[in-house]
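Below is start.txt, holding compact mmCIF, C-alpha atoms.
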```txt
# COMPACT_ATOMS: atom_id res chain seq x y z
CA MET K 16 14.11 -19.60 -12.38
CA GLY K 17 14.19 -18.69 -8.70
CA ARG K 18 13.11 -20.61 -5.66
CA ARG K 19 9.48 -21.49 -5.15
CA TYR K 20 7.58 -21.39 -1.91
CA ALA K 21 4.37 -23.06 -0.89
CA ASN K 22 3.70 -20.32 1.62
CA PRO K 23 5.15 -17.16 0.07
CA PRO K 24 4.91 -13.93 2.07
CA ILE K 25 3.78 -11.88 -0.94
CA VAL K 26 0.68 -9.84 -0.19
CA GLU K 27 0.76 -7.85 -3.38
CA ALA K 28 2.64 -7.68 -6.66
CA ILE K 29 2.32 -4.58 -8.78
CA CYS K 30 3.30 -3.81 -12.32
CA GLU K 31 3.00 -0.16 -13.19
CA PHE K 32 3.29 1.70 -16.47
CA ILE K 33 3.39 5.46 -16.67
CA LEU K 34 3.32 6.74 -20.21
CA THR K 35 5.16 9.76 -21.47
CA ALA K 36 3.27 12.99 -22.02
CA GLU K 37 3.47 12.75 -25.83
CA THR K 38 1.28 9.65 -25.76
CA ARG K 39 -2.19 10.77 -26.71
CA TRP K 40 -4.74 9.98 -24.07
CA ASP K 41 -8.35 10.98 -23.78
CA LEU K 42 -11.42 10.10 -21.76
CA THR K 43 -12.44 7.29 -24.10
CA VAL K 44 -9.29 5.24 -23.51
CA PRO K 45 -10.36 3.50 -20.27
CA GLY K 46 -13.65 2.42 -21.84
CA LEU K 47 -11.95 1.11 -24.97
CA LEU K 48 -9.43 -0.73 -22.83
CA TYR K 49 -12.19 -2.26 -20.76
CA GLU K 50 -13.80 -3.63 -23.91
CA ARG K 51 -10.60 -5.53 -24.61
CA LEU K 52 -10.10 -6.72 -21.06
CA LYS K 53 -13.59 -7.47 -19.86
CA GLN K 54 -13.38 -11.20 -20.54
CA SER K 55 -10.67 -11.52 -17.93
CA PHE K 56 -11.50 -8.50 -15.78
CA PRO K 57 -15.28 -8.34 -15.92
CA GLN K 58 -15.98 -6.21 -12.87
CA LYS K 59 -15.67 -2.50 -13.46
CA GLU K 60 -15.33 -0.19 -10.50
CA GLN K 61 -14.01 3.25 -9.90
CA ARG K 62 -12.33 5.31 -7.30
CA MET K 63 -11.63 8.97 -6.94
CA VAL K 64 -8.04 9.83 -6.25
CA GLN K 65 -6.86 13.09 -4.81
CA GLU K 66 -3.39 14.17 -5.70
CA VAL K 67 -1.44 16.82 -3.87
CA GLU K 68 1.57 17.99 -5.77
CA LEU K 69 4.28 20.01 -4.07
CA THR K 70 6.68 21.87 -6.27
CA GLN K 71 9.71 23.91 -5.32
CA GLY K 72 9.59 27.04 -7.42
CA PRO K 73 11.45 30.35 -7.31
CA GLU K 74 8.73 31.77 -5.11
CA GLY K 75 8.85 28.95 -2.66
CA LEU K 76 6.90 25.83 -2.11
CA GLN K 77 3.81 25.61 -4.25
CA GLN K 78 1.01 23.17 -3.93
CA GLN K 79 -1.59 21.96 -6.32
CA ILE K 80 -4.50 19.75 -5.45
CA ARG K 81 -6.35 17.87 -8.12
CA THR K 82 -8.84 15.08 -8.22
CA SER K 83 -8.79 12.37 -10.81
CA GLU K 84 -10.87 9.35 -11.47
CA ARG K 85 -9.38 5.93 -11.69
CA LEU K 86 -11.07 2.90 -13.12
CA LEU K 87 -10.54 -0.55 -11.67
CA PHE K 88 -11.08 -3.70 -13.70
CA VAL K 89 -11.31 -6.68 -11.39
CA THR K 90 -11.28 -10.43 -12.03
CA GLU K 91 -14.06 -12.68 -10.87
CA HIS K 92 -12.00 -13.91 -7.96
CA ARG K 93 -10.97 -10.36 -7.10
CA ASN K 94 -7.30 -11.16 -6.74
CA LEU K 95 -6.19 -9.42 -9.93
CA LEU K 96 -6.97 -5.81 -10.77
CA VAL K 97 -6.13 -3.30 -13.41
CA GLN K 98 -6.05 0.37 -12.48
CA VAL K 99 -6.40 2.89 -15.27
CA GLY K 100 -5.80 6.59 -14.89
CA PRO K 101 -4.55 9.26 -17.27
CA ARG K 102 -1.41 7.76 -18.85
CA LEU K 103 -1.28 5.31 -15.99
CA LEU K 104 -1.80 1.59 -16.10
CA VAL K 105 -1.29 -0.67 -13.11
CA VAL K 106 -1.76 -4.39 -12.76
CA ASN K 107 -2.14 -5.56 -9.17
CA ALA K 108 -2.01 -9.17 -8.01
CA LEU K 109 -3.30 -9.56 -4.50
CA LYS K 110 -2.79 -12.44 -2.13
CA PRO K 111 -2.77 -15.34 -2.95
CA TYR K 112 -0.04 -14.56 -5.45
CA PRO K 113 -0.60 -16.53 -8.64
CA HIS K 114 3.16 -17.03 -9.09
CA TRP K 115 5.04 -15.42 -11.93
CA GLU K 116 3.69 -17.93 -14.44
CA GLY K 117 0.22 -16.70 -13.59
CA PHE K 118 0.98 -13.00 -13.18
CA LYS K 119 3.19 -12.41 -16.20
CA PRO K 120 0.63 -13.46 -18.82
CA ARG K 121 -1.87 -11.05 -17.28
CA ILE K 122 0.65 -8.23 -17.45
CA GLU K 123 1.34 -9.10 -21.08
CA MET K 124 -2.31 -9.21 -21.91
CA VAL K 125 -3.01 -5.84 -20.30
CA TRP K 126 0.03 -4.23 -21.89
CA LYS K 127 -0.81 -5.56 -25.35
CA SER K 128 -4.40 -4.46 -24.97
CA LEU K 129 -3.22 -0.97 -24.16
CA GLN K 130 -1.00 -0.96 -27.24
CA GLU K 131 -3.94 -2.06 -29.36
CA THR K 132 -5.98 0.77 -27.90
CA ILE K 133 -3.56 3.66 -28.16
CA ASP K 134 -0.24 4.45 -29.74
CA VAL K 135 2.16 4.34 -26.82
CA GLN K 136 4.98 6.75 -27.55
CA GLY K 137 7.18 6.08 -24.58
CA LEU K 138 7.40 5.19 -20.93
CA GLU K 139 8.13 7.58 -18.15
CA ARG K 140 8.29 4.79 -15.66
CA ILE K 141 7.84 1.06 -15.43
CA GLY K 142 7.85 -0.59 -12.06
CA LEU K 143 7.62 -4.10 -10.77
CA ARG K 144 7.02 -4.13 -7.05
CA TYR K 145 6.59 -6.94 -4.57
CA ILE K 146 5.27 -6.32 -1.10
CA ASN K 147 5.91 -9.08 1.39
CA ARG K 148 4.41 -9.34 4.83
CA ILE K 149 6.54 -11.50 7.05
CA GLU K 150 4.96 -12.48 10.32
CA LEU K 151 6.91 -14.15 13.11
CA SER K 152 5.44 -15.65 16.23
CA ALA K 153 7.71 -13.99 18.75
CA GLN K 154 7.88 -10.98 21.02
CA SER K 155 11.41 -10.14 20.06
CA ILE K 156 13.90 -11.50 17.60
CA GLU K 157 17.46 -11.25 16.47
CA LEU K 158 17.07 -9.72 13.05
CA GLU K 159 20.12 -11.44 11.62
CA GLU K 160 18.55 -14.81 12.23
CA TYR K 161 15.87 -14.03 9.68
CA PHE K 162 17.24 -11.30 7.48
CA GLU K 163 20.36 -10.56 5.50
CA PHE K 164 19.10 -7.00 5.18
CA TYR K 165 18.71 -5.04 8.39
CA PRO K 166 20.04 -1.90 10.03
CA PHE K 167 23.58 -1.86 11.33
CA VAL K 168 24.20 0.08 14.51
CA GLY K 169 27.69 0.63 15.83
CA ARG K 170 28.73 -0.71 19.19
CA TRP K 171 28.47 2.69 20.87
CA LEU K 172 24.80 2.80 20.17
CA PRO K 173 22.16 0.92 22.13
CA GLN K 174 21.64 -2.48 20.59
CA ARG K 175 18.04 -2.73 21.59
CA MET K 176 15.84 -1.18 18.92
CA THR K 177 12.25 -0.18 19.35
CA SER K 178 11.66 0.62 15.72
CA PHE K 179 13.50 1.17 12.49
CA LEU K 180 13.12 1.75 8.83
CA VAL K 181 15.87 0.58 6.53
CA GLY K 182 15.98 1.22 2.82
CA VAL K 183 18.50 1.03 0.01
CA GLU K 184 18.33 1.75 -3.67
CA PHE K 185 20.46 -0.55 -5.75
CA SER K 186 21.56 0.43 -9.21
CA TYR K 187 21.21 -1.82 -12.26
CA ALA K 188 21.86 -1.55 -15.98
CA ASN K 189 24.19 1.43 -15.68
CA ASP K 190 21.72 3.15 -13.42
CA ARG K 191 18.93 2.94 -15.95
CA ASP K 192 17.07 0.84 -13.41
CA ARG K 193 16.97 0.83 -9.67
CA CYS K 194 15.63 -1.48 -7.05
CA ARG K 195 14.41 0.10 -3.86
CA VAL K 196 14.43 -2.34 -0.98
CA GLN K 197 12.82 -1.36 2.29
CA LEU K 198 12.29 -3.27 5.49
CA THR K 199 9.96 -1.89 8.12
CA PRO K 200 8.37 -3.42 11.18
CA ILE K 201 4.63 -3.24 11.58
CA THR K 202 3.94 -1.64 14.87
CA HIS K 203 0.24 -2.21 15.29
CA SER K 204 -0.95 -3.45 18.60
CA GLU K 205 -3.19 -5.81 16.60
CA THR K 206 -0.19 -8.05 15.99
CA GLU K 207 0.07 -8.81 19.69
CA GLY K 208 2.28 -11.79 20.32
CA LYS K 209 3.64 -11.54 16.82
CA ILE K 210 6.14 -9.46 15.01
CA ALA K 211 5.45 -8.49 11.45
CA PHE K 212 7.63 -6.86 8.85
CA ILE K 213 7.00 -5.39 5.45
CA LEU K 214 9.73 -6.21 2.98
CA ASP K 215 9.08 -4.01 -0.01
CA LEU K 216 11.01 -4.53 -3.24
CA ASP K 217 10.38 -2.03 -5.97
CA TYR K 218 12.34 -2.43 -9.21
CA PHE K 219 11.75 0.48 -11.51
CA LEU K 220 12.94 2.28 -14.57
CA ALA K 221 14.84 5.20 -13.12
CA ARG K 222 15.63 6.82 -16.45
CA PRO K 223 12.47 7.98 -18.21
CA ARG K 224 12.28 6.65 -21.79
CA GLY K 225 15.18 4.38 -20.93
CA VAL K 226 13.37 1.39 -22.40
CA ALA K 227 11.86 1.26 -25.88
CA VAL K 228 8.18 0.42 -26.08
CA VAL K 229 8.94 -2.79 -27.99
CA ASP K 230 11.27 -3.96 -25.22
CA VAL K 231 8.90 -3.49 -22.33
CA LEU K 232 8.04 -7.15 -21.81
CA ASP K 233 11.70 -8.14 -21.85
CA TRP K 234 12.37 -5.44 -19.30
CA ILE K 235 9.65 -6.85 -17.06
CA GLU K 236 11.09 -10.34 -17.24
CA GLU K 237 14.48 -8.96 -16.34
CA ALA K 238 12.96 -6.92 -13.52
CA HIS K 239 11.36 -10.01 -12.12
CA SER K 240 14.69 -11.83 -12.04
CA ARG K 241 16.31 -8.91 -10.24
CA VAL K 242 13.50 -8.71 -7.70
CA GLU K 243 13.80 -12.43 -7.03
CA GLU K 244 17.52 -12.07 -6.46
CA ALA K 245 16.98 -9.12 -4.17
CA PHE K 246 14.35 -11.00 -2.20
CA GLU K 247 16.59 -14.03 -1.75
CA GLY K 248 19.38 -11.69 -0.79
CA CYS K 249 17.29 -10.24 2.01
CA ILE K 250 16.31 -13.43 3.82
CA THR K 251 17.99 -16.30 5.60
CA ASP K 252 17.33 -20.02 5.42
CA LYS K 253 15.22 -19.72 8.54
CA LEU K 254 12.66 -17.75 6.58
CA ARG K 255 12.98 -20.06 3.59
CA VAL K 256 11.95 -22.91 5.85
CA MET K 257 9.03 -20.84 7.10
CA PHE K 258 7.92 -20.11 3.56
CA GLU K 259 8.11 -23.80 2.78
CA GLU K 260 10.42 -23.96 -0.15
CA VAL K 261 9.35 -26.49 -2.72
CA SER K 262 11.57 -28.17 -5.27
CA GLY K 263 10.97 -27.92 -9.02
CA MET T 5 16.29 -7.51 20.33
CA ILE T 6 13.34 -5.65 18.95
CA TYR T 7 10.43 -4.15 20.75
CA TYR T 8 8.12 -1.98 18.83
CA THR T 9 6.80 1.42 19.45
CA ASP T 10 4.89 3.70 17.23
CA TYR T 11 7.23 5.12 14.65
CA TYR T 12 4.66 7.26 12.93
CA LYS T 13 4.49 9.50 15.94
CA PRO T 14 7.72 11.46 15.73
CA GLN T 15 7.42 15.13 14.86
CA PRO T 16 9.89 15.51 12.06
CA LYS T 17 7.40 17.35 9.87
CA THR T 18 9.29 20.58 10.26
CA SER T 19 12.43 18.81 9.16
CA LEU T 20 10.61 17.46 6.17
CA VAL T 21 9.59 20.92 5.08
CA ARG T 22 13.13 22.17 5.47
CA GLU T 23 14.41 19.21 3.53
CA LEU T 24 11.97 19.81 0.73
CA LEU T 25 13.01 23.44 0.54
CA GLU T 26 16.62 22.44 0.22
CA THR T 27 16.14 20.22 -2.76
CA GLY T 28 15.06 22.81 -5.32
CA ALA T 29 17.36 23.91 -8.11
CA GLU T 30 17.38 27.48 -9.35
CA GLY T 31 16.40 28.34 -12.88
CA VAL T 32 15.04 24.93 -13.67
CA LYS T 33 11.41 24.10 -13.90
CA PRO T 34 11.24 21.81 -10.97
CA GLU T 35 9.83 18.35 -10.96
CA PRO T 36 7.19 17.88 -8.30
CA LEU T 37 8.89 17.12 -5.03
CA TYR T 38 6.27 14.62 -4.35
CA ILE T 39 2.81 13.68 -5.31
CA TYR T 40 0.54 12.41 -2.66
CA ARG T 41 -2.51 10.49 -3.76
CA SER T 42 -5.33 9.57 -1.55
CA ASP T 43 -8.86 8.41 -1.94
CA GLU T 44 -10.03 9.60 1.38
CA PRO T 45 -9.73 12.84 3.24
CA THR T 46 -9.40 11.95 6.86
CA LEU T 47 -9.36 9.48 9.65
CA GLY T 48 -9.96 11.66 12.65
CA SER T 49 -8.11 14.77 11.62
CA VAL T 50 -5.37 13.01 9.72
CA PRO T 51 -5.70 12.02 6.08
CA VAL T 52 -5.03 8.33 5.90
CA GLY T 53 -2.89 8.72 2.85
CA ILE T 54 -0.71 11.27 4.60
CA VAL T 55 0.20 8.59 7.09
CA ALA T 56 1.08 6.31 4.22
CA TYR T 57 3.00 9.10 2.59
CA LEU T 58 4.95 9.87 5.73
CA ALA T 59 5.94 6.27 5.94
CA SER T 60 7.20 6.42 2.40
CA VAL T 61 9.24 9.55 3.04
CA LEU T 62 10.65 8.53 6.39
CA PRO T 63 13.97 7.87 4.72
CA ILE T 64 14.01 11.50 3.68
CA LEU T 65 13.29 12.53 7.24
CA PHE T 66 16.17 10.43 8.42
CA ARG T 67 18.46 12.38 6.14
CA ASP T 68 18.53 15.01 8.87
CA LEU T 69 21.38 13.10 10.38
CA PRO T 70 24.41 15.36 10.10
CA GLN T 71 27.14 14.33 7.67
CA SER T 72 24.75 12.02 5.93
CA SER T 73 25.45 11.68 2.24
CA TRP T 74 21.71 11.55 1.74
CA LEU T 75 21.63 15.23 2.56
CA SER T 76 24.03 16.25 -0.12
CA SER T 77 22.21 15.49 -3.32
CA PRO T 78 18.61 15.17 -4.29
CA GLU T 79 19.79 12.68 -6.90
CA SER T 80 21.17 10.35 -4.28
CA ALA T 81 19.39 7.51 -2.59
CA PHE T 82 15.70 8.03 -1.94
CA PRO T 83 15.10 11.19 -3.86
CA ALA T 84 11.73 12.67 -3.21
CA ARG T 85 9.38 10.45 -5.06
CA ARG T 86 7.81 11.61 -8.22
CA TRP T 87 5.73 8.52 -8.66
CA GLU T 88 4.23 6.29 -6.08
CA SER T 89 3.47 2.70 -6.86
CA GLU T 90 -0.20 2.04 -6.54
CA SER T 91 -0.19 -0.52 -3.78
CA PHE T 92 -3.30 -1.63 -1.98
CA ALA T 93 -1.32 -3.72 0.49
CA ILE T 94 0.58 -0.68 1.74
CA ASP T 95 -2.62 1.34 2.02
CA ILE T 96 -4.16 -1.49 4.00
CA GLU T 97 -1.23 -1.67 6.39
CA MET T 98 -1.38 2.05 6.99
CA LEU T 99 -5.09 1.95 7.53
CA MET T 100 -4.79 -0.99 9.90
CA GLY T 101 -2.21 0.94 11.88
CA GLU T 102 -4.53 3.90 12.18
CA LEU T 103 -7.52 1.74 12.98
CA ALA T 104 -5.65 -0.08 15.72
CA ARG T 105 -5.45 3.21 17.59
CA LYS T 106 -9.11 4.00 17.24
CA VAL T 107 -11.07 0.82 17.25
CA ARG T 108 -10.70 -2.65 18.64
CA LEU T 109 -9.88 -5.02 15.82
CA GLU T 110 -11.24 -8.52 16.21
CA ASN T 111 -9.18 -10.97 14.21
CA PRO T 112 -7.19 -8.41 12.25
CA HIS T 113 -5.89 -11.10 9.97
CA ARG T 114 -9.39 -11.63 8.60
CA ILE T 115 -9.95 -7.90 8.29
CA ARG T 116 -6.77 -7.57 6.29
CA GLU T 117 -7.78 -10.45 4.04
CA TYR T 118 -11.18 -8.89 3.51
CA LEU T 119 -9.67 -5.56 2.54
CA LEU T 120 -7.33 -7.25 0.12
CA ARG T 121 -10.40 -8.71 -1.50
CA PHE T 122 -12.35 -5.44 -1.45
CA PRO T 123 -9.79 -2.63 -1.59
CA GLU T 124 -12.38 -0.12 -2.73
CA LEU T 125 -13.54 0.01 0.86
CA LEU T 126 -10.28 1.59 1.91
CA ASP T 127 -11.59 5.08 1.55
CA VAL T 128 -15.00 4.33 3.04
CA ILE T 129 -13.75 2.83 6.30
CA PRO T 130 -12.29 6.04 7.69
CA ARG T 131 -15.58 7.78 6.95
CA ALA T 132 -17.50 5.07 8.75
CA VAL T 133 -15.18 5.15 11.76
CA ASN T 134 -15.27 8.92 11.89
CA ALA T 135 -19.04 8.92 11.74
CA ALA T 136 -19.25 6.32 14.50
CA LYS T 137 -16.85 8.27 16.66
CA ARG T 138 -18.73 11.49 16.09
CA HIS T 139 -22.11 10.09 16.98
CA PHE T 140 -20.86 7.80 19.75
CA PRO T 141 -17.90 9.56 21.31
CA GLU T 142 -18.37 7.57 24.51
CA ALA T 143 -18.47 4.19 22.83
CA GLN T 144 -15.96 1.48 22.27
CA ILE T 145 -15.92 0.58 18.60
CA VAL T 146 -15.14 -2.94 17.54
CA MET T 147 -14.42 -4.00 13.98
CA GLU T 148 -14.59 -7.51 12.65
CA VAL T 149 -15.45 -9.50 9.56
CA TYR T 150 -18.88 -10.97 9.86
CA GLN T 151 -19.44 -14.30 8.19
CA ASP T 152 -23.04 -15.15 7.56
CA PRO T 153 -23.49 -18.67 8.91
CA GLU T 154 -26.06 -19.61 6.29
CA ILE T 155 -24.77 -18.17 3.05
CA ALA T 156 -21.35 -17.38 1.68
CA ASP T 157 -21.54 -13.72 2.53
CA ARG T 158 -18.95 -11.75 4.45
CA TYR T 159 -18.78 -8.11 5.31
CA LEU T 160 -17.14 -5.74 7.72
CA VAL T 161 -18.98 -4.78 10.87
CA LEU T 162 -18.41 -1.89 13.22
CA TYR T 163 -20.00 -2.63 16.57
CA ILE T 164 -20.81 0.20 18.91
CA ARG T 165 -20.46 -0.81 22.54
CA LEU T 166 -21.84 1.41 25.27
CA LYS T 167 -22.05 1.29 29.03
CA HIS T 168 -25.66 2.36 28.85
CA TYR T 169 -28.06 1.88 25.98
CA ASP T 170 -31.04 4.16 25.62
CA ASP T 171 -33.72 4.89 23.04
CA SER T 172 -31.49 7.20 21.08
CA VAL T 173 -29.06 4.51 20.04
CA ILE T 174 -30.84 3.32 16.90
CA ASN T 175 -31.48 6.85 15.77
CA ARG T 176 -27.84 7.77 16.27
CA LEU T 177 -26.76 4.66 14.42
CA GLN T 178 -28.90 5.62 11.46
CA LYS T 179 -27.52 9.15 11.44
CA ALA T 180 -23.96 7.89 11.60
CA GLU T 181 -24.60 5.38 8.87
CA SER T 182 -26.13 7.98 6.59
CA GLU T 183 -22.80 9.80 6.60
CA TYR T 184 -21.06 7.09 4.62
CA LEU T 185 -23.74 4.87 3.05
CA ASP T 186 -23.72 6.78 -0.22
CA GLN T 187 -20.05 5.92 -0.57
CA LEU T 188 -20.91 2.25 -0.75
CA VAL T 189 -23.03 2.60 -3.84
CA ASN T 190 -21.63 0.61 -6.76
CA ARG T 191 -18.81 -0.83 -4.72
CA ALA T 192 -18.11 -4.42 -3.97
CA GLY T 193 -17.79 -5.14 -0.27
CA TRP T 194 -19.76 -3.73 2.61
CA ILE T 195 -19.31 -2.19 6.01
CA GLN T 196 -22.17 -2.29 8.49
CA LEU T 197 -22.48 -0.08 11.52
CA THR T 198 -24.51 -1.65 14.30
CA THR T 199 -24.40 -2.66 17.93
CA ASP T 200 -24.26 -6.02 19.68
CA PHE T 201 -25.58 -4.43 22.89
CA ARG T 202 -22.52 -5.47 24.83
CA GLU T 203 -20.51 -3.37 27.19
CA PRO T 204 -17.10 -1.99 26.30
CA GLY T 205 -14.36 -4.51 26.90
CA GLU T 206 -16.51 -7.59 26.58
CA GLU T 207 -14.94 -10.33 24.50
CA ASP T 208 -16.32 -11.73 21.28
CA ALA T 209 -18.74 -9.78 19.26
CA LEU T 210 -21.82 -11.63 18.14
```

I need this file expressed as structure tokens, please.
Amino acid sequence: MGRRYANPPIVEAICEFILTAETRWDLTVPGLLYERLKQSFPQKEQRMVQEVELTQGPEGLQQQIRTSERLLFVTEHRNLLVQVGPRLLVVNALKPYPHWEGFKPRIEMVWKSLQETIDVQGLERIGLRYINRIELSAQSIELEEYFEFYPFVGRWLPQRMTSFLVGVEFSYANDRDRCRVQLTPITHSETEGKIAFILDLDYFLARPRGVAVVDVLDWIEEAHSRVEEAFEGCITDKLRVMFEEVSG
Amino acid sequence: MIYYTDYYKPQPKTSLVRELLETGAEGVKPEPLYIYRSDEPTLGSVPVGIVAYLASVLPILFRDLPQSSWLSSPESAFPARRWESESFAIDIEMLMGELARKVRLENPHRIREYLLRFPELLDVIPRAVNAAKRHFPEAQIVMEVYQDPEIADRYLVLYIRLKHYDDSVINRLQKAESEYLDQLVNRAGWIQLTTDFREPGEEDAL
């Protein structure tokens, strides 16, 4: 088990399932799923989502615009949501993060409910993503004091940065999985007197169908461990103190 | 040492298009180069989600650096994304960035917290801001979270602040509001367009 923090920077944790095309899905699925989940996610809402798809074909760049409806199932306290779209299932945990012991059972429940509703044939993608917002009360900082993950610039380049975006994809499990780690500053004027960063860790199944349906929950547990490691690998003790590490 | 400027401003769109064109493979039914999803058309003239999307593809834009191994293979780091995670937090950050340019945000921390609680408002807010801007182009617009002092009710407020108030203000407010009110039906959370009859630049909304 990883470190625990009293004041974690997590603003959102996301677990996403995208089912393979051979999984049968129709308009009744979201309603049937809601019936199974409504005890825990009683509030039903919806949003329209526009998708623009760009495809490189022999005749050049082609675009397709489509609109789809997505249902949201929301808990009473509104900090946990389920998004349901065609062959898409997402569980979002919003701040305050309920810790893994609180989030994982919800993921399990939603996943099992889906399996009771339809016959899941395979997974195109699974993702476990943690978005951290790290706010520092300073006008300028030395990145290496807070992060073990930051851009390197050679000595012939100016050392004073005005902005950056740094991202790496790490490979796991013989490249079946990847973890995309990105660090970006928030540049809004609204954070006057403060510097804020988004540290985004997205562990995902990079090889479609690379995990059997029966192994999904094990994969998620493994993903969580990898994300924790990646997170700890990105920060220094100075941030750990800020996040108020707790023992046990 | 870090000082921040606006990194969504650069004009690498042309590079992006070129980059996208370079990633296709002949004779193979191509995977979508990317899928952009958005709930809301525009904030001003720019779709909010496009801003979010550009942020997500900035690594691709940076592949323009000559000799970069990122240029060589679409299979390498940061391939064009087929799937986007469905993050509300990222959408909120992008929206906050856009809003910061257009309206004055009072206590942005509380606004962010409110949006995390009511993310369905994400697509309504740009409509509300656009409507306010359209009907009050001369106004300063201030956004804050209003906390009812008597009951546990909170909602977002957009205050219109003008140098001169005349009889048309209420009528214009109603017209602006009518442009987005229908979007609030059956949604949790609320955004109210109103005025506190203060002048632009005055501190502390009511």

If we count all atoms listed in the file, what is near K:Lys110 at a cut-off of 6 Å, once residues fewer than 2 positions away on the same chain are taken out, given as an mmCIF file with C-alpha atoms, in the coordinates of the input?
```cif
data_model
loop_
_atom_site.group_PDB
_atom_site.id
_atom_site.type_symbol
_atom_site.label_atom_id
_atom_site.label_comp_id
_atom_site.auth_asym_id
_atom_site.auth_seq_id
_atom_site.Cartn_x
_atom_site.Cartn_y
_atom_site.Cartn_z
ATOM 1 C CA VAL K 26 0.680 -9.840 -0.190
ATOM 2 C CA GLU K 27 0.760 -7.850 -3.380
ATOM 3 C CA TYR K 112 -0.040 -14.560 -5.450
#
```

* **Distance in Å - atom CA of T:Asn190 versus atom CA of K:Lys59** => 9.5 Å

* To do: Give the answer as one residue: which of K:Gln174, K:Asn189, K:Gln61, K:Thr251 has the shortest atom-to-atom distance to T:Asp127, using all atoms listed in the file?
  =>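 Ranking K:Gln174, K:Asn189, K:Gln61, K:Thr251 by distance to T:Asp127, first place goes to K:Gln61.
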
Quick one: residues within 12 Å of K:Leu151, all atoms listed in the file counted, chain neighbours fewer than 2 positions away excluded, as a PDB file with C-alpha atoms, in the coordinates of the input?
```pdb
ATOM      1  CA  PRO K  24       4.910 -13.930   2.070  1.00  0.00           C
ATOM      2  CA  ARG K 148       4.410  -9.340   4.830  1.00  0.00           C
ATOM      3  CA  ILE K 149       6.540 -11.500   7.050  1.00  0.00           C
ATOM      4  CA  ALA K 153       7.710 -13.990  18.750  1.00  0.00           C
ATOM      5  CA  GLN K 154       7.880 -10.980  21.020  1.00  0.00           C
ATOM      6  CA  SER K 155      11.410 -10.140  20.060  1.00  0.00           C
ATOM      7  CA  ILE K 156      13.900 -11.500  17.600  1.00  0.00           C
ATOM      8  CA  GLU K 157      17.460 -11.250  16.470  1.00  0.00           C
ATOM      9  CA  LEU K 158      17.070  -9.720  13.050  1.00  0.00           C
ATOM     10  CA  GLU K 160      18.550 -14.810  12.230  1.00  0.00           C
ATOM     11  CA  TYR K 161      15.870 -14.030   9.680  1.00  0.00           C
ATOM     12  CA  PRO K 200       8.370  -3.420  11.180  1.00  0.00           C
ATOM     13  CA  ILE K 201       4.630  -3.240  11.580  1.00  0.00           C
ATOM     14  CA  THR K 206      -0.190  -8.050  15.990  1.00  0.00           C
ATOM     15  CA  GLU K 207       0.070  -8.810  19.690  1.00  0.00           C
ATOM     16  CA  GLY K 208       2.280 -11.790  20.320  1.00  0.00           C
ATOM     17  CA  LYS K 209       3.640 -11.540  16.820  1.00  0.00           C
ATOM     18  CA  ILE K 210       6.140  -9.460  15.010  1.00  0.00           C
ATOM     19  CA  ALA K 211       5.450  -8.490  11.450  1.00  0.00           C
ATOM     20  CA  PHE K 212       7.630  -6.860   8.850  1.00  0.00           C
ATOM     21  CA  ILE K 213       7.000  -5.390   5.450  1.00  0.00           C
ATOM     22  CA  LYS K 253      15.220 -19.720   8.540  1.00  0.00           C
ATOM     23  CA  LEU K 254      12.660 -17.750   6.580  1.00  0.00           C
ATOM     24  CA  MET K 257       9.030 -20.840   7.100  1.00  0.00           C
ATOM     25  CA  PHE K 258       7.920 -20.110   3.560  1.00  0.00           C
TER      26      PHE K 258
END
```

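Using all atoms listed in the file, the smallest distance between any of K:Trp126, K:Trp115, K:Phe56, K:Tyr218 and K:Leu95 comes from K:Phe56.
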
* Please tell me which residues are no farther than 8 Å from (12.9, -27.6, -3.8) in the file, counting all atoms listed in the file, and write them as a PyMOL selection string. => chain K and resi 18-19+260-263

* Of the residues T:Leu185, T:Ile174, T:Ile96, T:Leu109, which is the one nearest to chain K, using only C-alpha atoms? ->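 Looking at the shortest contact to chain K, the residue is T:Leu109.
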
* Just how far from atom CA of K:Glu184 is atom CA of K:Asp230, in Å to one decimal? ->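 Taking atom CA of K:Asp230 as the start and atom CA of K:Glu184 as the end point, the length is 23.4 Å.
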
* Asked: How many Å lie between atom CA of T:Thr198 and atom CA of T:Tyr163, rounded to one decimal?
  ->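 Taking atom CA of T:Thr198 as the start and atom CA of T:Tyr163 as the end point, the length is 5.1 Å.
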
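Residues in contact with K:Gln136 at 9 Å, where only C-alpha atoms are counted and same-chain residues fewer than 2 positions away are skipped, are listed as Leu34, Thr35, Ala36, Glu37, Thr38, Arg39, Asp134, Leu138, Ala227 and Val228 of chain K.
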
Keeping only C-alpha atoms, write the selected residues to a file as a PDB file, in the frame of the given file.
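Saved the output as part_7.pdb:
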```
ATOM      1  CA  LEU K  34       3.320   6.740 -20.210  1.00  0.00           C
ATOM      2  CA  THR K  35       5.160   9.760 -21.470  1.00  0.00           C
ATOM      3  CA  ALA K  36       3.270  12.990 -22.020  1.00  0.00           C
ATOM      4  CA  GLU K  37       3.470  12.750 -25.830  1.00  0.00           C
ATOM      5  CA  THR K  38       1.280   9.650 -25.760  1.00  0.00           C
ATOM      6  CA  ARG K  39      -2.190  10.770 -26.710  1.00  0.00           C
ATOM      7  CA  ASP K 134      -0.240   4.450 -29.740  1.00  0.00           C
ATOM      8  CA  LEU K 138       7.400   5.190 -20.930  1.00  0.00           C
ATOM      9  CA  ALA K 227      11.860   1.260 -25.880  1.00  0.00           C
ATOM     10  CA  VAL K 228       8.180   0.420 -26.080  1.00  0.00           C
TER      11      VAL K 228
END
```
